[in-house]
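The file final20.txt contains compact mmCIF, C-alpha atoms:
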```
# COMPACT_ATOMS: atom_id res chain seq x y z
CA MET A 234 -16.22 65.11 -69.00
CA THR A 235 -18.66 67.63 -67.60
CA GLY A 236 -21.40 66.79 -65.20
CA ASN A 237 -23.98 67.67 -67.79
CA THR A 238 -26.58 64.95 -67.49
CA GLU A 239 -28.08 65.49 -70.91
CA ARG A 240 -24.67 65.33 -72.53
CA GLU A 241 -23.88 62.10 -70.65
CA MET A 242 -27.20 60.60 -71.64
CA ARG A 243 -26.61 61.45 -75.29
CA ILE A 244 -23.17 59.89 -75.19
CA ALA A 245 -24.68 56.79 -73.63
CA ALA A 246 -27.44 56.67 -76.22
CA TYR A 247 -24.85 56.98 -78.98
CA LEU A 248 -22.68 54.21 -77.57
CA ASP A 249 -25.67 51.96 -76.93
CA GLY A 250 -27.16 52.35 -80.39
CA ALA A 251 -30.25 54.05 -78.98
CA MET A 252 -30.15 56.98 -81.41
CA SER A 253 -32.04 57.19 -84.67
CA ASP A 254 -29.98 57.54 -87.84
CA THR A 255 -30.68 61.25 -87.94
CA GLU A 256 -29.72 61.74 -84.29
CA CYS A 257 -26.61 59.70 -84.87
CA GLU A 258 -25.48 61.81 -87.81
CA GLN A 259 -26.13 64.97 -85.87
CA PHE A 260 -24.18 63.69 -82.88
CA GLU A 261 -21.22 62.68 -85.04
CA ALA A 262 -21.21 66.14 -86.59
CA GLU A 263 -21.07 67.59 -83.08
CA MET A 264 -18.13 65.36 -82.26
CA GLU A 265 -16.25 66.59 -85.30
CA ALA A 266 -16.71 70.15 -84.10
CA ASP A 267 -16.09 69.43 -80.42
CA ALA A 268 -12.82 67.64 -79.62
CA SER A 269 -13.75 67.40 -75.95
CA LEU A 270 -16.97 65.57 -76.78
CA ALA A 271 -15.16 63.22 -79.16
CA GLU A 272 -12.55 62.54 -76.50
CA ASP A 273 -15.21 61.70 -73.90
CA VAL A 274 -17.00 59.38 -76.29
CA ALA A 275 -13.76 57.62 -77.14
CA ARG A 276 -12.79 57.20 -73.50
CA LEU A 277 -16.21 55.90 -72.43
CA SER A 278 -16.22 53.56 -75.39
CA GLU A 279 -12.84 52.23 -74.27
CA ASN A 280 -14.23 51.79 -70.76
CA ASP A 281 -17.07 49.71 -72.21
CA ALA A 282 -14.61 47.56 -74.13
CA LEU A 283 -12.51 47.11 -71.01
CA LEU A 284 -15.58 46.10 -69.05
CA ARG A 285 -16.61 43.58 -71.70
CA GLU A 286 -13.18 42.05 -71.57
CA ALA A 287 -13.08 42.03 -67.79
CA MET A 288 -16.50 40.41 -67.59
CA SER A 289 -16.24 38.19 -70.64
CA LEU A 290 -18.45 35.15 -70.59
CA ASP A 291 -17.03 32.09 -68.90
CA THR A 292 -18.72 29.73 -71.33
CA ASP A 293 -16.46 26.83 -70.45
CA GLY A 294 -17.29 27.21 -66.78
CA ALA A 295 -21.02 27.55 -67.35
CA LEU A 296 -21.11 24.51 -69.64
CA ASP A 297 -18.82 22.43 -67.51
CA PRO A 298 -20.50 19.08 -66.78
CA ALA A 299 -20.24 19.62 -63.04
CA PHE A 300 -21.94 23.00 -63.27
CA LEU A 301 -24.66 21.66 -65.58
CA GLU A 302 -25.20 18.80 -63.17
CA ARG A 303 -25.60 21.25 -60.34
CA MET A 304 -28.06 23.29 -62.41
CA GLY A 305 -30.07 20.15 -63.14
CA LEU A 306 -29.42 20.53 -66.86
CA ALA A 307 -26.90 17.78 -67.46
CA ASP A 308 -29.39 15.61 -69.32
CA ALA A 309 -30.35 18.49 -71.59
CA LYS A 310 -26.69 19.05 -72.33
CA ALA A 311 -26.24 15.41 -73.23
CA GLY A 312 -29.13 15.53 -75.63
CA SER A 313 -28.29 18.86 -77.15
CA PRO A 314 -26.85 18.89 -80.65
CA HIS A 315 -25.64 22.42 -80.04
CA HIS A 316 -23.00 21.61 -77.47
CA PRO A 317 -20.83 18.75 -78.63
CA ALA A 318 -17.79 19.88 -76.69
CA PRO A 319 -16.14 17.24 -74.51
CA PRO A 320 -16.36 17.70 -70.76
CA ALA A 321 -13.71 19.49 -68.80
CA PRO A 322 -12.15 17.49 -66.01
CA ALA A 323 -13.66 18.40 -62.69
CA ASN A 324 -10.24 19.28 -61.36
CA ASP A 325 -10.20 22.26 -63.67
CA ASN A 326 -13.24 23.76 -62.04
CA PRO A 327 -12.62 27.07 -60.31
CA PRO A 328 -12.27 27.04 -56.55
CA PHE A 329 -15.85 28.08 -55.83
CA TRP A 330 -16.73 24.62 -57.01
CA ASN A 331 -15.06 23.35 -53.90
CA ARG A 332 -18.25 22.02 -52.40
CA TRP A 333 -18.11 18.35 -52.11
CA GLY A 334 -21.82 17.96 -52.54
CA VAL A 335 -21.46 18.94 -56.20
CA ARG A 336 -20.28 16.32 -58.58
CA ALA A 337 -19.79 15.85 -62.24
CA GLY A 338 -20.45 12.16 -62.46
CA ALA A 339 -23.73 11.74 -64.25
CA ALA A 340 -23.00 14.26 -66.98
CA ILE A 341 -19.67 12.78 -67.84
CA ALA A 342 -21.01 9.28 -67.75
CA ALA A 343 -23.85 10.32 -70.02
CA GLY A 344 -21.69 9.56 -72.98
CA LEU A 345 -19.93 12.86 -73.40
CA ALA A 346 -16.53 11.71 -72.30
CA LEU A 347 -13.99 10.08 -74.55
CA VAL A 348 -13.44 6.40 -74.04
CA MET A 349 -9.83 5.82 -73.23
CA THR A 350 -8.28 2.44 -73.82
CA LEU A 351 -5.32 1.78 -71.63
CA THR A 352 -2.44 -0.12 -73.08
CA LEU A 353 -1.30 -2.74 -70.66
CA PRO A 354 1.90 -4.75 -70.82
CA GLY A 355 -0.08 -7.93 -71.35
CA GLY A 356 -2.57 -6.35 -73.73
CA GLY A 357 -6.32 -6.22 -73.23
CA ALA A 358 -8.55 -3.87 -71.29
CA PRO A 359 -7.56 -2.71 -67.84
CA VAL A 360 -9.00 -3.78 -64.54
CA MET A 361 -10.33 -1.15 -62.17
CA GLY A 362 -7.05 -0.56 -60.35
CA ASP A 363 -5.22 0.05 -63.62
CA ALA A 364 -7.85 2.53 -64.72
CA LEU A 365 -7.61 4.44 -61.45
CA GLU A 366 -3.85 4.40 -61.76
CA ALA A 367 -3.57 5.84 -65.25
CA THR A 368 -6.76 7.55 -66.41
CA PRO A 369 -6.87 11.36 -66.23
CA SER A 370 -9.99 12.94 -64.79
CA GLY A 371 -12.70 13.43 -67.35
CA GLN A 372 -11.71 10.46 -69.48
CA MET A 373 -13.56 7.19 -69.50
CA ALA A 374 -11.75 3.88 -69.36
CA ALA A 375 -13.41 0.70 -70.61
CA LEU A 376 -12.68 -2.14 -68.20
CA ASP A 377 -12.18 -5.80 -68.94
CA ASN A 378 -15.42 -6.74 -67.18
CA GLY A 379 -17.53 -4.67 -69.55
CA ALA A 380 -17.87 -1.79 -67.10
CA THR A 381 -16.51 1.71 -67.57
CA LEU A 382 -14.76 3.94 -65.07
CA THR A 383 -14.47 7.71 -65.32
CA PRO A 384 -12.31 9.50 -62.77
CA ILE A 385 -13.98 12.76 -61.78
CA LEU A 386 -11.30 14.40 -59.69
CA THR A 387 -8.23 13.75 -57.59
CA PHE A 388 -7.54 15.05 -54.10
CA GLU A 389 -5.18 14.50 -51.22
CA ALA A 390 -6.61 13.04 -48.06
CA GLY A 391 -5.68 14.27 -44.62
CA ASP A 392 -3.44 11.25 -44.11
CA GLY A 393 -1.41 12.14 -47.21
CA ARG A 394 -2.87 9.54 -49.56
CA PHE A 395 -4.01 10.50 -53.03
CA CYS A 396 -7.65 9.68 -53.63
CA ARG A 397 -9.96 9.84 -56.62
CA GLU A 398 -13.66 10.18 -57.03
CA PHE A 399 -14.93 8.25 -59.99
CA GLU A 400 -18.03 7.17 -61.80
CA TYR A 401 -18.41 3.42 -62.26
CA ARG A 402 -20.89 2.13 -64.79
CA ALA A 403 -21.42 -1.62 -64.67
CA SER A 404 -22.02 -3.70 -67.77
CA ASN A 405 -25.75 -3.71 -67.03
CA ALA A 406 -25.68 0.13 -67.25
CA SER A 407 -26.29 0.64 -63.53
CA SER A 408 -23.89 3.19 -62.12
CA SER A 409 -22.43 4.38 -58.88
CA SER A 410 -19.97 7.00 -57.78
CA GLY A 411 -17.06 5.92 -55.67
CA ILE A 412 -13.96 7.15 -53.90
CA ALA A 413 -10.75 5.18 -53.93
CA CYS A 414 -7.45 6.01 -52.30
CA ARG A 415 -4.05 4.77 -53.25
CA SER A 416 -2.56 2.70 -50.47
CA SER A 417 0.55 0.51 -50.53
CA GLY A 418 0.78 0.48 -54.30
CA GLY A 419 -2.87 -0.42 -54.84
CA TRP A 420 -6.28 1.18 -54.64
CA VAL A 421 -8.71 0.93 -51.75
CA ILE A 422 -12.37 1.81 -52.20
CA GLU A 423 -13.33 4.18 -49.40
CA GLY A 424 -16.80 5.19 -50.51
CA TRP A 425 -19.55 3.88 -52.76
CA SER A 426 -22.74 5.80 -53.41
CA ASP A 427 -25.13 3.10 -54.55
CA ASP A 428 -25.24 -0.27 -52.86
CA ALA A 429 -27.53 -1.56 -55.58
CA VAL A 430 -24.67 -1.43 -58.06
CA GLU A 431 -22.43 -4.42 -57.87
CA MET A 432 -18.95 -3.47 -56.84
CA PRO A 433 -15.94 -4.58 -58.85
CA ASP A 434 -14.35 -7.91 -58.13
CA SER A 435 -12.43 -7.61 -54.89
CA SER A 436 -9.35 -9.03 -56.56
CA GLU A 437 -9.02 -5.80 -58.52
CA VAL A 438 -9.13 -3.35 -55.65
CA ALA A 439 -9.22 -3.64 -51.91
CA LEU A 440 -12.24 -2.59 -49.90
CA ALA A 441 -11.75 -0.34 -46.91
CA SER A 442 -12.84 -2.07 -43.75
CA GLY A 443 -16.27 -0.78 -42.93
CA GLY A 444 -15.93 2.06 -45.36
CA ALA A 445 -16.81 0.60 -48.70
CA SER A 446 -20.53 1.14 -48.44
CA GLU A 447 -20.18 4.57 -46.92
CA ASN A 448 -21.79 7.35 -48.93
CA LEU A 449 -19.47 9.84 -50.57
CA ASP A 450 -20.14 12.82 -48.33
CA ALA A 451 -19.34 10.74 -45.26
CA ALA A 452 -16.25 9.36 -46.96
CA TYR A 453 -15.05 12.83 -47.89
CA ALA A 454 -15.51 13.99 -44.32
CA ARG A 455 -13.75 10.95 -42.86
CA LEU A 456 -10.86 11.29 -45.28
CA ASP A 457 -10.45 14.99 -44.46
CA ALA A 458 -10.34 15.69 -48.18
CA GLY A 459 -8.35 18.61 -49.53
CA ASP A 460 -9.25 20.66 -52.57
CA PRO A 461 -9.42 18.99 -55.97
CA LEU A 462 -5.96 19.01 -57.49
CA PRO A 463 -5.36 21.09 -60.62
CA ILE A 464 -5.29 18.95 -63.73
CA ASP A 465 -1.61 19.70 -64.31
CA ARG A 466 -0.75 18.51 -60.85
CA GLU A 467 -2.84 15.39 -61.34
CA ARG A 468 -0.95 14.66 -64.54
CA GLU A 469 2.38 14.98 -62.70
CA ILE A 470 1.19 12.62 -60.02
CA ILE A 471 0.02 10.01 -62.53
CA VAL A 472 3.34 10.21 -64.39
CA SER A 473 5.26 9.90 -61.13
CA GLY A 474 3.42 6.70 -60.31
CA TRP A 475 1.51 8.43 -57.52
CA SER A 476 4.62 9.29 -55.59
CA GLY A 477 3.60 12.93 -55.79
CA LYS A 478 7.11 14.04 -56.70
CA MET B 73 -48.87 30.07 -75.94
CA THR B 74 -46.91 28.28 -73.29
CA GLU B 75 -44.47 25.39 -73.06
CA THR B 76 -46.36 22.47 -71.60
CA GLY B 77 -45.47 19.08 -73.06
CA GLU B 78 -42.38 17.00 -72.49
CA THR B 79 -40.95 18.01 -75.84
CA GLY B 80 -41.49 21.65 -74.97
CA GLN B 81 -39.77 21.07 -71.63
CA GLY B 82 -36.84 19.45 -73.37
CA ASP B 83 -36.51 22.34 -75.79
CA LEU B 84 -36.73 24.79 -72.94
CA ARG B 85 -33.99 23.02 -71.03
CA ARG B 86 -31.73 23.14 -74.07
CA GLN B 87 -32.49 26.83 -74.50
CA MET B 88 -31.63 27.35 -70.84
CA ILE B 89 -28.18 25.96 -71.51
CA GLU B 90 -27.74 28.53 -74.24
CA VAL B 91 -28.66 31.23 -71.73
CA LEU B 92 -26.65 29.79 -68.85
CA PRO B 93 -23.31 31.61 -69.42
CA ARG B 94 -25.07 34.98 -69.54
CA LEU B 95 -27.37 34.11 -66.66
CA ARG B 96 -24.34 33.21 -64.59
CA ARG B 97 -22.73 36.54 -65.39
CA PHE B 98 -25.94 38.38 -64.59
CA CYS B 99 -26.09 36.63 -61.22
CA LEU B 100 -22.48 37.60 -60.60
CA ALA B 101 -23.37 41.21 -61.34
CA LEU B 102 -26.13 40.96 -58.77
CA ALA B 103 -24.25 39.15 -56.04
CA ARG B 104 -20.65 40.22 -56.76
CA ARG B 105 -19.40 36.93 -55.38
CA GLN B 106 -19.12 33.86 -57.56
CA ASP B 107 -20.20 31.39 -54.91
CA VAL B 108 -23.32 33.38 -54.05
CA ALA B 109 -23.96 34.04 -57.74
CA ASP B 110 -23.94 30.34 -58.50
CA ASP B 111 -26.41 29.72 -55.69
CA ILE B 112 -28.70 32.34 -57.24
CA CYS B 113 -28.16 30.82 -60.66
CA GLN B 114 -29.07 27.38 -59.40
CA ALA B 115 -32.19 28.64 -57.65
CA THR B 116 -33.15 30.50 -60.82
CA VAL B 117 -32.92 27.43 -63.00
CA GLU B 118 -34.86 25.37 -60.46
CA ARG B 119 -37.62 27.95 -60.28
CA ALA B 120 -37.71 28.40 -64.04
CA LEU B 121 -38.06 24.67 -64.56
CA ALA B 122 -40.76 24.46 -61.93
CA ARG B 123 -42.65 27.26 -63.64
CA ALA B 124 -41.89 26.31 -67.22
CA ASP B 125 -45.58 26.44 -68.07
CA GLN B 126 -45.51 30.18 -67.37
CA PHE B 127 -42.86 30.89 -69.99
CA VAL B 128 -44.40 32.39 -73.12
CA SER B 129 -42.98 30.60 -76.12
CA GLY B 130 -41.34 33.03 -78.51
CA SER B 131 -40.50 35.57 -75.84
CA ARG B 132 -36.98 36.13 -74.55
CA LEU B 133 -35.94 33.33 -72.25
CA ASP B 134 -32.95 35.31 -70.97
CA SER B 135 -35.16 38.20 -69.86
CA TRP B 136 -37.56 35.82 -68.14
CA MET B 137 -34.75 34.09 -66.28
CA TYR B 138 -33.08 37.39 -65.37
CA LYS B 139 -36.33 38.52 -63.78
CA ILE B 140 -36.51 35.32 -61.77
CA ALA B 141 -32.87 35.73 -60.73
CA GLN B 142 -33.45 39.28 -59.66
CA ASN B 143 -36.48 38.33 -57.57
CA ILE B 144 -34.52 35.57 -55.89
CA TRP B 145 -31.63 37.94 -55.27
CA ILE B 146 -33.92 40.58 -53.76
CA ASP B 147 -35.28 37.98 -51.36
CA GLU B 148 -31.81 36.71 -50.49
CA ASN B 149 -30.38 40.19 -50.18
CA ARG B 150 -33.11 41.11 -47.76
CA LYS B 151 -32.12 38.18 -45.59
CA LEU B 152 -28.44 39.11 -45.80
CA ARG B 153 -29.17 42.69 -44.80
CA THR B 154 -31.21 41.44 -41.91
CA ARG B 155 -28.15 39.52 -40.77
CA GLY B 156 -26.00 42.60 -41.13
CA HIS B 157 -23.96 41.07 -43.92
CA GLU B 158 -22.13 43.46 -46.20
CA VAL B 159 -20.19 42.48 -49.26
CA ASP B 160 -16.76 44.04 -49.31
CA VAL B 161 -16.14 45.69 -52.64
CA ILE B 162 -12.51 44.64 -52.50
CA GLU B 163 -13.68 41.06 -52.26
CA ALA B 164 -16.25 41.61 -54.97
CA PHE B 165 -16.10 39.60 -58.17
CA ASP B 166 -13.96 37.21 -56.30
CA MET B 167 -12.65 34.17 -58.12
CA ILE B 168 -13.08 35.51 -61.60
CA GLY B 169 -10.64 33.96 -63.98
CA SER B 170 -10.40 30.43 -65.21
CA ASP B 171 -7.21 29.84 -63.29
CA GLY B 172 -9.07 30.59 -60.08
CA VAL B 173 -6.36 32.97 -58.94
CA ARG B 174 -7.69 36.21 -57.57
CA GLU B 175 -6.15 39.22 -59.18
CA VAL B 176 -4.85 41.89 -56.89
CA GLU B 177 -6.93 45.01 -57.24
CA GLY B 178 -5.12 47.69 -59.11
CA ARG B 179 -2.77 45.27 -60.80
CA SER B 180 -4.42 45.59 -64.15
CA ASP B 181 -6.96 47.56 -66.11
CA LEU B 182 -9.22 44.53 -66.09
CA ALA B 183 -9.11 44.37 -62.31
CA ARG B 184 -9.96 48.05 -62.13
CA ALA B 185 -12.85 47.57 -64.52
CA ARG B 186 -14.25 44.74 -62.39
CA SER B 187 -13.80 46.81 -59.31
CA ALA B 188 -15.57 49.73 -61.00
CA LEU B 189 -18.54 47.56 -61.82
CA ALA B 190 -18.61 46.07 -58.34
CA ALA B 191 -18.63 49.54 -56.81
CA LEU B 192 -21.78 50.58 -58.65
CA PRO B 193 -25.16 50.51 -56.95
CA GLU B 194 -27.03 47.32 -57.75
CA ASP B 195 -29.56 48.94 -60.08
CA GLN B 196 -26.74 50.36 -62.19
CA ARG B 197 -24.75 47.11 -62.15
CA THR B 198 -27.62 45.13 -63.55
CA LEU B 199 -28.30 47.68 -66.25
CA ILE B 200 -24.69 47.86 -67.34
CA THR B 201 -24.70 44.08 -67.52
CA LEU B 202 -27.79 43.99 -69.70
CA VAL B 203 -26.96 46.91 -71.98
CA VAL B 204 -23.18 47.05 -72.21
CA LEU B 205 -22.30 43.39 -71.68
CA ASP B 206 -25.35 41.62 -73.11
CA GLY B 207 -26.06 44.23 -75.76
CA MET B 208 -29.74 44.65 -74.93
CA SER B 209 -31.54 47.71 -76.22
CA TYR B 210 -32.87 50.21 -73.70
CA LYS B 211 -36.38 48.95 -74.43
CA GLU B 212 -35.40 45.33 -73.78
CA ALA B 213 -33.59 46.30 -70.60
CA SER B 214 -36.55 48.35 -69.40
CA GLU B 215 -38.86 45.40 -69.99
CA THR B 216 -36.51 42.97 -68.32
CA LEU B 217 -36.12 45.08 -65.19
CA ASP B 218 -39.62 46.52 -65.38
CA ILE B 219 -38.48 50.14 -65.21
CA PRO B 220 -39.20 53.09 -67.54
CA ILE B 221 -36.84 53.71 -70.46
CA GLY B 222 -36.04 57.15 -69.06
CA THR B 223 -34.80 55.50 -65.89
CA VAL B 224 -32.68 53.14 -67.96
CA MET B 225 -31.06 56.07 -69.75
CA SER B 226 -30.31 58.09 -66.64
CA ARG B 227 -28.97 55.08 -64.72
CA ILE B 228 -26.77 54.02 -67.61
CA SER B 229 -25.25 57.45 -67.98
CA ARG B 230 -24.64 57.74 -64.22
CA ALA B 231 -23.08 54.29 -64.22
CA ARG B 232 -20.72 55.21 -67.04
CA ARG B 233 -19.68 58.36 -65.19
CA SER B 234 -18.88 56.33 -62.07
CA ILE B 235 -17.00 53.69 -64.01
CA ASP B 236 -14.98 56.38 -65.75
CA ARG B 237 -14.01 57.94 -62.43
CA HIS B 238 -13.08 54.56 -61.03
CA VAL B 239 -10.98 53.53 -64.01
CA HIS B 240 -9.31 56.87 -64.78
CA GLY B 241 -9.60 58.82 -61.55
CA GLU B 242 -11.46 61.99 -60.68
CA ASP B 243 -9.42 64.08 -63.11
CA SER B 244 -11.17 62.41 -66.02
CA GLN B 245 -14.32 64.32 -65.19
```

Would you mind writing the structure in this file as C-alpha cells?
Amino acid sequence: MTGNTEREMRIAAYLDGAMSDTECEQFEAEMEADASLAEDVARLSENDALLREAMSLDTDGALDPAFLERMGLADAKAGSPHHPAPPAPANDNPPFWNRWGVRAGAAIAAGLALVMTLTLPGGGAPVMGDALEATPSGQMAALDNGATLTPILTFEAGDGRFCREFEYRASNASSSSGIACRSSGGWVIEGWSDDAVEMPDSSEVALASGGASENLDAAYARLDAGDPLPIDREREIIVSGWSGK
Amino acid sequence: MTETGETGQGDLRRQMIEVLPRLRRFCLALARRQDVADDICQATVERALARADQFVSGSRLDSWMYKIAQNIWIDENRKLRTRGHEVDVIEAFDMIGSDGVREVEGRSDLARARSALAALPEDQRTLITLVVLDGMSYKEASETLDIPIGTVMSRISRARRSIDRHVHGEDSQ
C-alpha cells in the first residue's frame, strides 16, 4: 500500500460505508482495473475482521451479576425482560474481578438464580451446612428453615481451608452475605455482613469464636484469602468431599 | 425532552445494560488495561445515573456515555501522567479472554491485532473502536467525539495504515 493519503482515505471510506452509491460503484470499477488497489482493500478488510474478532464483545462478562452489581445496575438487570439469562457463578469471573470489595450477592439473590433442591439421604430440604457442602456457586439452595442460600464463590484460605462466600436470605426476606470455611468435616461461619439478619441455628454450622459478626472485608483479610477458584476446580472439590484431591 | 421520572430512570437503567458490553469495550480501548477500564466504566455509569436528567430522550445513549467515559478518562489520564505512569503496550489489553489467561504476544493473529490496536495513539484507538468495532458512521463518530468529519476520516485511514504495518510488517506498505 502506498503512502497516498487520499487513496487510504478512499479505501477507509469504502470499507466504512461512507461512500455514496455512485462513489462506491466508481471505486469498485477502479478496483477491477487496479489489482494493487483491490489487494490493499482486501487486506485492510481482513485486518478489520481480525480486529473485530480480537475485540469481540464480552457480553457474558459485562452482564455478569457481579459486574452489574459493581456498576449499580443489578436491580435494572433483575427487572429487565431483555436479559433472562441465568447468572454466571462468580468463580468464572476473569481475574481482574479479584477485588474482594466486589460481590455478586444481591444480583444473584434477586431471583435470577436457579433454585436447587438438594437430595438428602433422609429426604427433605437441606440445612445450611449441607447446602454449603454441595451447592455450586451461582445456584440457590432452599433450606429447611424457609431460608435460601446461594454460594457466590469458593476460595482457599491461607491456612489451607476451603471457604465460601454466600448470600443468605432468611424466611422473612432479610438477607446477609457470609463467609464460611470448612473445618473438621463441618462448616464454620467466619464472617457475616449484616447483624440485623438472624443467623442460622447454631446446630447447623459452627460459629467462629469472635469472628462470626466480623464484616466480610475484615474476614477476607484475616483469612488471607486466595483468588476465587475456577468453577471446574470448585466442582472437583465438591465431588471430592472437600478433600481438594 | 429529558428523562426525569422514576419510570424514565428505570428505562434508562435498562438501556444502560444494553450499552454496557460496548461501553466496557470502549473503556478498554481508552485505558488498554481491563482493571482500569472497569474503573472508568463504573465511574461512567455512576456519573450517567447522577446526571440522568441531562440525557435527551431519543438520542444515542451509547454516544452520551462514551463522551462521559472519555471525559473521565482524560481526567484520570492527566493524573496518571502527573505521576509518571506509562502503560506498557506489551501489557496492554491485559486479561482479555474469558479464560483469564493472557495470550503471549505474537502467538496468534488475534494477539497481534490487539497489540496493533493498543499501539495506536488514543485518538485513533477510540475512533477505530467506534467505527470499525461499533459500526458507527463517520458522522456519528464525529458527533460522539466532537471532532470534524474530516478529522475522523484522516485518523481512521492513518489508524488502518498503522494496524496493517503492525499485523503484516513494514513490507505490506

Which residues are near Arg94 of chain B? Cut-off 10 Å, all atoms listed in the file, ignore same chain within fewer than 5 positions. Put them as a list in words.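 Contacts, in chain order: Ser289, Leu290, Asp291, Thr292 and Ala295 of chain A; Ile89, Cys99, Leu100, Asp134, Tyr138, Thr201, Leu202, Leu205 and Asp206 of chain B.
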
Considering all atoms listed in the file, extract the chain B residues located within 8 Å of chain A and return them as a PyMOL selection string. chain B and resi 82+85-86+89+92-94+96-97+106-107+113-114+117-118+167+170-172+181-183+185-186+189+203-205+207+209-210+225-226+228-230+232-233+235-236+239+244-245

How many Å lie between atom CA of Ala122 of chain B and atom CA of Ala101 of chain B, rounded to one decimal? 24.2 Å

Have a look at atom CA of Ala458 of chain A and atom CA of Ala390 of chain A and let me know their distance in Å, one decimal.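 Those two atoms sit 4.6 Å apart.
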
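Using all atoms listed in the file, the protein and nucleic acid residues lying no more than 9 Å from Thr368 of chain A, apart from those fewer than 2 places from it along its own chain, are Met349, Leu351, Asp363, Ala364, Leu365, Glu366, Ser370, Gly371, Gln372, Met373, Ala374, Leu382, Thr383, Pro384 and Ile471 of chain A.
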
Please, what distance in Å, to one decimal, runs between atom CA of Asn149 of chain B and atom CA of Leu133 of chain B?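 Atom-to-atom, atom CA of Asn149 of chain B and atom CA of Leu133 of chain B are spaced 23.8 Å apart.
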
So which residues touch Tyr401 of chain A within 6 Å, counting only C-alpha atoms, skipping near sequence neighbours fewer than 4 positions away, as number ranges by chain? A: 381-382, 408-410

Would you mind listing what lies within 9 Å of segment 475-477 of chain A as a list in words, with only C-alpha atoms counted and same-chain residues fewer than 3 positions away left out?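 Once the adjacent positions are removed, what remains is Glu366, Phe395, Arg415, Gly418, Arg466, Glu467, Glu469, Ile470, Ile471 and Val472 of chain A.
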
Test item: which residues lie within 6 Å of (-17.6, 9.1, -56.1) counting only C-alpha atoms, as a list of chain:residue names: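 Output of the proximity query reads A:Glu398, A:Phe399, A:Ser410, A:Gly411, A:Ile412, A:Leu449.
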